[in-house]
Amino acid sequence: MVMVMRGFWANPFARPVAAGLLAVVALLAAGCSSPPPDFKLNLVYLKAEERNGTLTETQVQELADALEGLFGTPDNPQVPQLEGVDAVAIMNPDYLRKAAGAVGSDELGRAHGLYRKHCVHCHGVTGDGAGPTAEFLNPYPRDYRRGTFKFKSTPGENPPTHADLKRVLIEGINGTSMPSFRLLDDDELEALVHYVRYLAIRGRVERALIRSSVSELEPDMHLLDFALAQTDPAEFKSQLDFILGEVESELKRWENPDTLVQPVPNAPAGWHAEGQEAQRAEAAGQWSVLTTDGRVLVGSKVTEADGELVVETAGGQTQRVAVADVEERKPLDELMEQYIARGKELFSGNVANCAQCHGTLALGDGQVTDYDEWTAEWTTKNNPPINPKTDINRVDAFRALGALPPRNIRPRNLRMGIYRGGRRPVDIYLRIKNGIAGTPMPAASSKLTDLDVWALVAYVRSLPYEPISQPPRDAAFQRDRL
Amino acid sequence: MMRSWTCLAATAIFCLLSATSVEAQQWGSLKGRLVYDGTPPKAIPINVTKDVEFCGKFGLVDEELTVNPENAGLANVVIWIYVKTGDAPPAAHPLFEEAKGARIKIDNKMCRFEPHVVTLRAGQSLEIHNSDAVGHNTKIDTFVNPPINYTVPSGQKIEQKYEQAERLPAAVSCSIHPWMKSWLVVQDHPYVAVTDKDGNFELKNVPAGTWTFQFWQERSGFVDQVTVDGQATEWKRGRVDLEIKAGELDLGTIKVAPENFTD
């Protein structure tokens, strides 16, 4: 097993801070009976990459040392300092200290050790999603080390925005074991967001170093050989630059995820925010006017004057359109029904392709044998692939290194009305438009217009209200009788 | 048959110098044939579980290890010039200039990806088509470039640009049809070849000099146990140093040990 070197005086990454003093404080806080917790190496990934090459024990030790030099320890997190990237904005050391370390509070009653207080039981000290409770939860807690987050506003595998991460903390994740942390004060939430980013970045740098090391390093080569600092400074610098290069490209990804967010176009006029029943209530007495150039005007009152239709909202605002330009004029809930019908058609069609996985009835039964990326990368996407159901010995070899038992990822049953990424229309819009990173859910084709996506959102949100989604009436009656 | 397995430091230096003066640059090619050193394994039919009425009619087989039953030719081995991190990639022959920003096509066709291995030079774009009557999605797990996962409706195409080289081939898959798998190679030079159905490959217009060539296959990872000239050899991490001179370097038939492909 690999030991992480302590008392790392020759650490080339560390700034001359009072690291020693901090370590002493951390030791006192943790008590003397148990050793301070360590970040675990990503042995599962190291093994999954075996086909591309293996590392010697020395190289693995160097990897662990490099990571500790760059990111510190769970009790004493550090932020790698690089020119040209504002690492502190991404991982604020004050916040990291507040989130890290043992649970406690200072003399002013300000809590620290927040991660270990609130998160570690499920997400683990290393952020590997393999805390003590993990195996008993379904879905498993998130392993941050891929840097892949599902419920976010940025497309693809891009990092989530600050607001995305915070929203998950505040709202929790419906239908999973992730609770809401709404009761934490804002500073505490901020600290945890920074710490989750820190664990994700640390995990991704580790993966990048593993990936490059296994395919680059011959057994007699070094990832980072400190002896060279004296004997061959030029070679030492090139080793260091290589490592820092990986850190830099990772940090750059996180610099400003907000710029990657595509604005969500407004829902079409006449589009209601809540389920079908609410739609009907809200739409009662409302009218929609469709124009020949594709605009939709909505109001509670429509009158005709001087060859124009005057559409008046309940608030008294008016819009006018020439009668000649009016395509159609009808009650609003009919319009909403049209969106839902359009969504239903798209759902089973071969442009949106929803039914392929979610099933023709949207019960989530179309494709039930797939795996998420966290599992697939060491099983079905390994070389040669591991079938988790039959290659038991190979699965066990990974299990021994900390992998959780593989489970299939199920497409969402859309009739349940439970939406992990949030139930707001915009949440569902983003899931459809961008796909869900780390899962088989792809991003929508550009052949789907904004209106199409909104129509799908309308259909998806109407599904739990359809009769077949509801339990049969007499069954419910029997339950009542019992 | 011209053959040279030794790495000459002097040649490498010569090459570095000559890269700056175009007139002095000489170009050569490398060719060879990879065969499976054993009884060719039988193609394993795919159990089509999705869109059976469409995908079921193509007689799909698992392409993870494709050996020609007639001549043992090993298909879909990828060969590229390996460039150590920090080193400059080999100079591209002027003939490659035109294709620099080109769009390279991969097609979802008959419920498989065509080609099975698609190769790109950094800066080129991948055009992902769907010629099938059914919908597909294409998921590409790149490591350096942003990974993607898009639905590709029937008859449509999408485009993705690849700016950076990938150290290793990236898996391309379709979540709807789980058997569909292929590979994307992105290097920052044009010297990448894939063996054809008979195991043949050729890298043309390689700048003269000594280069490290890397051999990779999806099931084996790096191809490291080979027999060259009747001599069992280990190519560590699938790498071999070869000197390219003006003209053609023919490696002849390289036998690839079945042990490369075992679990």
# chains A, B, ... in the order shown; residues from 1 in each chain; ligands from 1
$ interface_residues --of "chain B" --to "chain A" --cutoff "8 Å" --atoms "only C-alpha atoms" --output "PyMOL selection string"
chain B and resi 84-85+134-139+146-154+167+171+175-176+178+218-222+237+261+263
$ write_last_selection --atoms "N, CA and C atoms" --output "PDB file, in the first residue's frame"
ATOM      1  N   LYS B  84       6.737  12.550 -27.644  1.00  0.00           N
ATOM      2  CA  LYS B  84       6.846  12.712 -26.197  1.00  0.00           C
ATOM      3  C   LYS B  84       6.337  14.098 -25.816  1.00  0.00           C
ATOM      4  N   THR B  85       5.696  14.190 -24.649  1.00  0.00           N
ATOM      5  CA  THR B  85       5.190  15.470 -24.185  1.00  0.00           C
ATOM      6  C   THR B  85       6.309  16.515 -24.194  1.00  0.00           C
ATOM      7  N   VAL B 134     -33.160   4.844 -38.409  1.00  0.00           N
ATOM      8  CA  VAL B 134     -33.455   4.985 -36.983  1.00  0.00           C
ATOM      9  C   VAL B 134     -32.585   6.083 -36.384  1.00  0.00           C
ATOM     10  N   GLY B 135     -33.026   6.590 -35.234  1.00  0.00           N
ATOM     11  CA  GLY B 135     -32.252   7.621 -34.545  1.00  0.00           C
ATOM     12  C   GLY B 135     -31.073   7.014 -33.811  1.00  0.00           C
ATOM     13  N   HIS B 136     -29.982   7.764 -33.751  1.00  0.00           N
ATOM     14  CA  HIS B 136     -28.810   7.326 -32.993  1.00  0.00           C
ATOM     15  C   HIS B 136     -28.384   8.453 -32.064  1.00  0.00           C
ATOM     16  N   ASN B 137     -27.517   8.127 -31.115  1.00  0.00           N
ATOM     17  CA  ASN B 137     -26.788   9.208 -30.465  1.00  0.00           C
ATOM     18  C   ASN B 137     -25.315   8.844 -30.470  1.00  0.00           C
ATOM     19  N   THR B 138     -24.476   9.842 -30.458  1.00  0.00           N
ATOM     20  CA  THR B 138     -23.045   9.596 -30.544  1.00  0.00           C
ATOM     21  C   THR B 138     -22.369  10.238 -29.346  1.00  0.00           C
ATOM     22  N   LYS B 139     -21.707   9.364 -28.591  1.00  0.00           N
ATOM     23  CA  LYS B 139     -21.060   9.790 -27.351  1.00  0.00           C
ATOM     24  C   LYS B 139     -19.581   9.549 -27.542  1.00  0.00           C
ATOM     25  N   PRO B 146     -13.293  18.413 -25.103  1.00  0.00           N
ATOM     26  CA  PRO B 146     -14.534  18.208 -24.366  1.00  0.00           C
ATOM     27  C   PRO B 146     -15.275  16.953 -24.848  1.00  0.00           C
ATOM     28  N   PRO B 147     -15.649  16.078 -23.924  1.00  0.00           N
ATOM     29  CA  PRO B 147     -16.425  14.909 -24.333  1.00  0.00           C
ATOM     30  C   PRO B 147     -17.805  15.365 -24.820  1.00  0.00           C
ATOM     31  N   ILE B 148     -18.380  14.629 -25.755  1.00  0.00           N
ATOM     32  CA  ILE B 148     -19.703  15.009 -26.269  1.00  0.00           C
ATOM     33  C   ILE B 148     -20.676  13.842 -26.205  1.00  0.00           C
ATOM     34  N   ASN B 149     -21.937  14.143 -26.241  1.00  0.00           N
ATOM     35  CA  ASN B 149     -22.998  13.139 -26.333  1.00  0.00           C
ATOM     36  C   ASN B 149     -24.214  13.823 -26.958  1.00  0.00           C
ATOM     37  N   TYR B 150     -24.400  13.636 -28.268  1.00  0.00           N
ATOM     38  CA  TYR B 150     -25.497  14.287 -28.988  1.00  0.00           C
ATOM     39  C   TYR B 150     -26.415  13.253 -29.625  1.00  0.00           C
ATOM     40  N   THR B 151     -27.696  13.572 -29.688  1.00  0.00           N
ATOM     41  CA  THR B 151     -28.560  12.755 -30.524  1.00  0.00           C
ATOM     42  C   THR B 151     -28.310  13.146 -31.981  1.00  0.00           C
ATOM     43  N   VAL B 152     -28.293  12.141 -32.836  1.00  0.00           N
ATOM     44  CA  VAL B 152     -28.139  12.390 -34.274  1.00  0.00           C
ATOM     45  C   VAL B 152     -29.365  11.800 -34.971  1.00  0.00           C
ATOM     46  N   PRO B 153     -30.336  12.639 -35.300  1.00  0.00           N
ATOM     47  CA  PRO B 153     -31.552  12.116 -35.921  1.00  0.00           C
ATOM     48  C   PRO B 153     -31.259  11.487 -37.279  1.00  0.00           C
ATOM     49  N   SER B 154     -32.158  10.643 -37.698  1.00  0.00           N
ATOM     50  CA  SER B 154     -32.050   9.993 -38.994  1.00  0.00           C
ATOM     51  C   SER B 154     -31.836  11.026 -40.093  1.00  0.00           C
ATOM     52  N   ARG B 167      -3.870  11.723 -26.219  1.00  0.00           N
ATOM     53  CA  ARG B 167      -2.770  10.777 -26.050  1.00  0.00           C
ATOM     54  C   ARG B 167      -3.156   9.379 -26.566  1.00  0.00           C
ATOM     55  N   ALA B 171     -13.100   6.445 -26.973  1.00  0.00           N
ATOM     56  CA  ALA B 171     -14.213   5.569 -27.316  1.00  0.00           C
ATOM     57  C   ALA B 171     -15.383   6.374 -27.868  1.00  0.00           C
ATOM     58  N   SER B 175     -25.624   5.261 -27.010  1.00  0.00           N
ATOM     59  CA  SER B 175     -26.297   4.734 -25.815  1.00  0.00           C
ATOM     60  C   SER B 175     -27.566   3.969 -26.173  1.00  0.00           C
ATOM     61  N   ILE B 176     -28.150   4.309 -27.330  1.00  0.00           N
ATOM     62  CA  ILE B 176     -29.389   3.639 -27.713  1.00  0.00           C
ATOM     63  C   ILE B 176     -29.097   2.207 -28.143  1.00  0.00           C
ATOM     64  N   PRO B 178     -26.359  -0.376 -27.673  1.00  0.00           N
ATOM     65  CA  PRO B 178     -25.157  -0.544 -26.855  1.00  0.00           C
ATOM     66  C   PRO B 178     -24.016  -1.291 -27.534  1.00  0.00           C
ATOM     67  N   GLU B 218      -7.901  -1.843 -29.984  1.00  0.00           N
ATOM     68  CA  GLU B 218      -8.859  -1.561 -28.917  1.00  0.00           C
ATOM     69  C   GLU B 218      -8.928  -2.623 -27.836  1.00  0.00           C
ATOM     70  N   ARG B 219      -8.792  -3.881 -28.230  1.00  0.00           N
ATOM     71  CA  ARG B 219      -8.888  -4.918 -27.212  1.00  0.00           C
ATOM     72  C   ARG B 219      -7.579  -5.066 -26.433  1.00  0.00           C
ATOM     73  N   SER B 220      -6.476  -4.963 -27.130  1.00  0.00           N
ATOM     74  CA  SER B 220      -5.188  -5.206 -26.475  1.00  0.00           C
ATOM     75  C   SER B 220      -4.644  -3.957 -25.790  1.00  0.00           C
ATOM     76  N   GLY B 221      -5.145  -2.779 -26.166  1.00  0.00           N
ATOM     77  CA  GLY B 221      -4.411  -1.578 -25.782  1.00  0.00           C
ATOM     78  C   GLY B 221      -3.166  -1.559 -26.654  1.00  0.00           C
ATOM     79  N   PHE B 222      -2.016  -1.186 -26.101  1.00  0.00           N
ATOM     80  CA  PHE B 222      -0.797  -1.188 -26.904  1.00  0.00           C
ATOM     81  C   PHE B 222      -0.473  -2.612 -27.344  1.00  0.00           C
ATOM     82  N   ARG B 237       4.995  -0.757 -24.478  1.00  0.00           N
ATOM     83  CA  ARG B 237       3.907   0.193 -24.726  1.00  0.00           C
ATOM     84  C   ARG B 237       3.627   0.323 -26.232  1.00  0.00           C
ATOM     85  N   PHE B 261      -4.441 -10.168 -26.663  1.00  0.00           N
ATOM     86  CA  PHE B 261      -5.889  -9.938 -26.639  1.00  0.00           C
ATOM     87  C   PHE B 261      -6.613 -10.694 -25.529  1.00  0.00           C
ATOM     88  N   ASP B 263      -7.674 -11.589 -21.575  1.00  0.00           N
ATOM     89  CA  ASP B 263      -8.090 -10.726 -20.461  1.00  0.00           C
ATOM     90  C   ASP B 263      -6.912 -10.419 -19.521  1.00  0.00           C
TER      91      ASP B 263
END
$ residues_around --residues "Glu345 (chain A)" --least-positions-apart "6" --cutoff "12 Å" --atoms "only C-alpha atoms" --output "MDAnalysis selection string"
chainID A and resid 338:339 351:355 360 452:453 455:456 458:460
$ residues_around --residues "Trp211 (chain B)" --least-positions-apart "6" --cutoff "7 Å" --atoms "only C-alpha atoms" --output "list in words"
Ile81, Asp241, Leu242 and Glu243 of chain B
$ write_last_selection --atoms "C-alpha atoms" --output "PDB file, in the first residue's frame"
ATOM      1  CA  ILE B  81       4.012   8.577 -34.608  1.00  0.00           C
ATOM      2  CA  ASP B 241      11.851   3.328 -33.053  1.00  0.00           C
ATOM      3  CA  LEU B 242      12.357   3.294 -36.796  1.00  0.00           C
ATOM      4  CA  GLU B 243      14.453   5.357 -39.115  1.00  0.00           C
TER       5      GLU B 243
END
$ select_by_dssp --residues "region 22-84 of chain B" --states "helix (DSSP H, G or I)" --output "list in words"
Val22, Glu23, Ala24, Val52, Glu53, Phe54, Cys55, Gly56, Lys57 and Phe58 of chain B
$ closest_residue --among "B:Pro41, B:Gly199, B:Pro207, B:Gly230" --to "Gln26 (chain B)" --atoms "only C-alpha atoms"
B:Pro207
$ residues_around --residues "region 164-170 of chain A" --least-positions-apart "6" --cutoff "7 Å" --atoms "only C-alpha atoms" --output "PyMOL selection string"
chain A and resi 152-153+180-182+189+193
$ atom_distance --atom1 "CA of Pro464 (chain A)" --atom2 "CA of Arg423 (chain A)"
12.1 Å
$ residues_around --residues "Thr133 (chain A)" --least-positions-apart "3" --cutoff "9 Å" --atoms "only C-alpha atoms" --output "list of chain:residue names"
A:His121, A:Cys122, A:His123, A:Ala130, A:Phe136, A:Leu137, A:Pro141
$ select_by_dssp --residues "region 116-218 of chain B" --states "strand (DSSP E)" --output "ChimeraX atom specification"
/B:117-121,125-130,136-141,148-152,157-161,170-173,181-187,192-194,200-207,209-217
$ closest_atom_pairs --of "region 59-118 of chain B" --to "region 182-193 of chain B" --cutoff "10 Å" --atoms "only C-alpha atoms" --output "CSV"
residue,atom,partner,partner_atom,distance
B:Glu63,CA,B:Ser182,CA,8.6
B:Glu64,CA,B:Ser182,CA,8.8
B:Asn76,CA,B:Ala193,CA,9.2
B:Val77,CA,B:Ala193,CA,8.2
B:Val78,CA,B:Ala193,CA,5.8
B:Ile79,CA,B:Ala193,CA,5.1
B:Trp80,CA,B:Val192,CA,4.3
B:Ile81,CA,B:Tyr191,CA,6.0
B:Tyr82,CA,B:Gln187,CA,9.0
B:Val83,CA,B:Asp188,CA,9.1
B:Ala88,CA,B:Asp188,CA,9.5
B:Pro89,CA,B:His189,CA,6.2
B:Pro90,CA,B:His189,CA,6.6
B:Ala91,CA,B:His189,CA,7.5
B:Ala92,CA,B:His189,CA,6.5
B:His93,CA,B:Pro190,CA,8.7
B:Phe96,CA,B:Pro190,CA,7.2
B:Glu97,CA,B:Pro190,CA,9.8
B:Ala99,CA,B:Pro190,CA,9.4
B:Lys100,CA,B:Pro190,CA,8.8
B:Ile106,CA,B:Leu184,CA,9.5
B:Arg112,CA,B:Ser182,CA,8.3
B:Phe113,CA,B:Ser182,CA,6.2
B:Glu114,CA,B:Ser182,CA,8.3
B:Pro115,CA,B:Ser182,CA,7.9
B:His116,CA,B:Ser182,CA,4.9
B:Val117,CA,B:Trp183,CA,4.8
B:Val118,CA,B:Leu184,CA,5.0
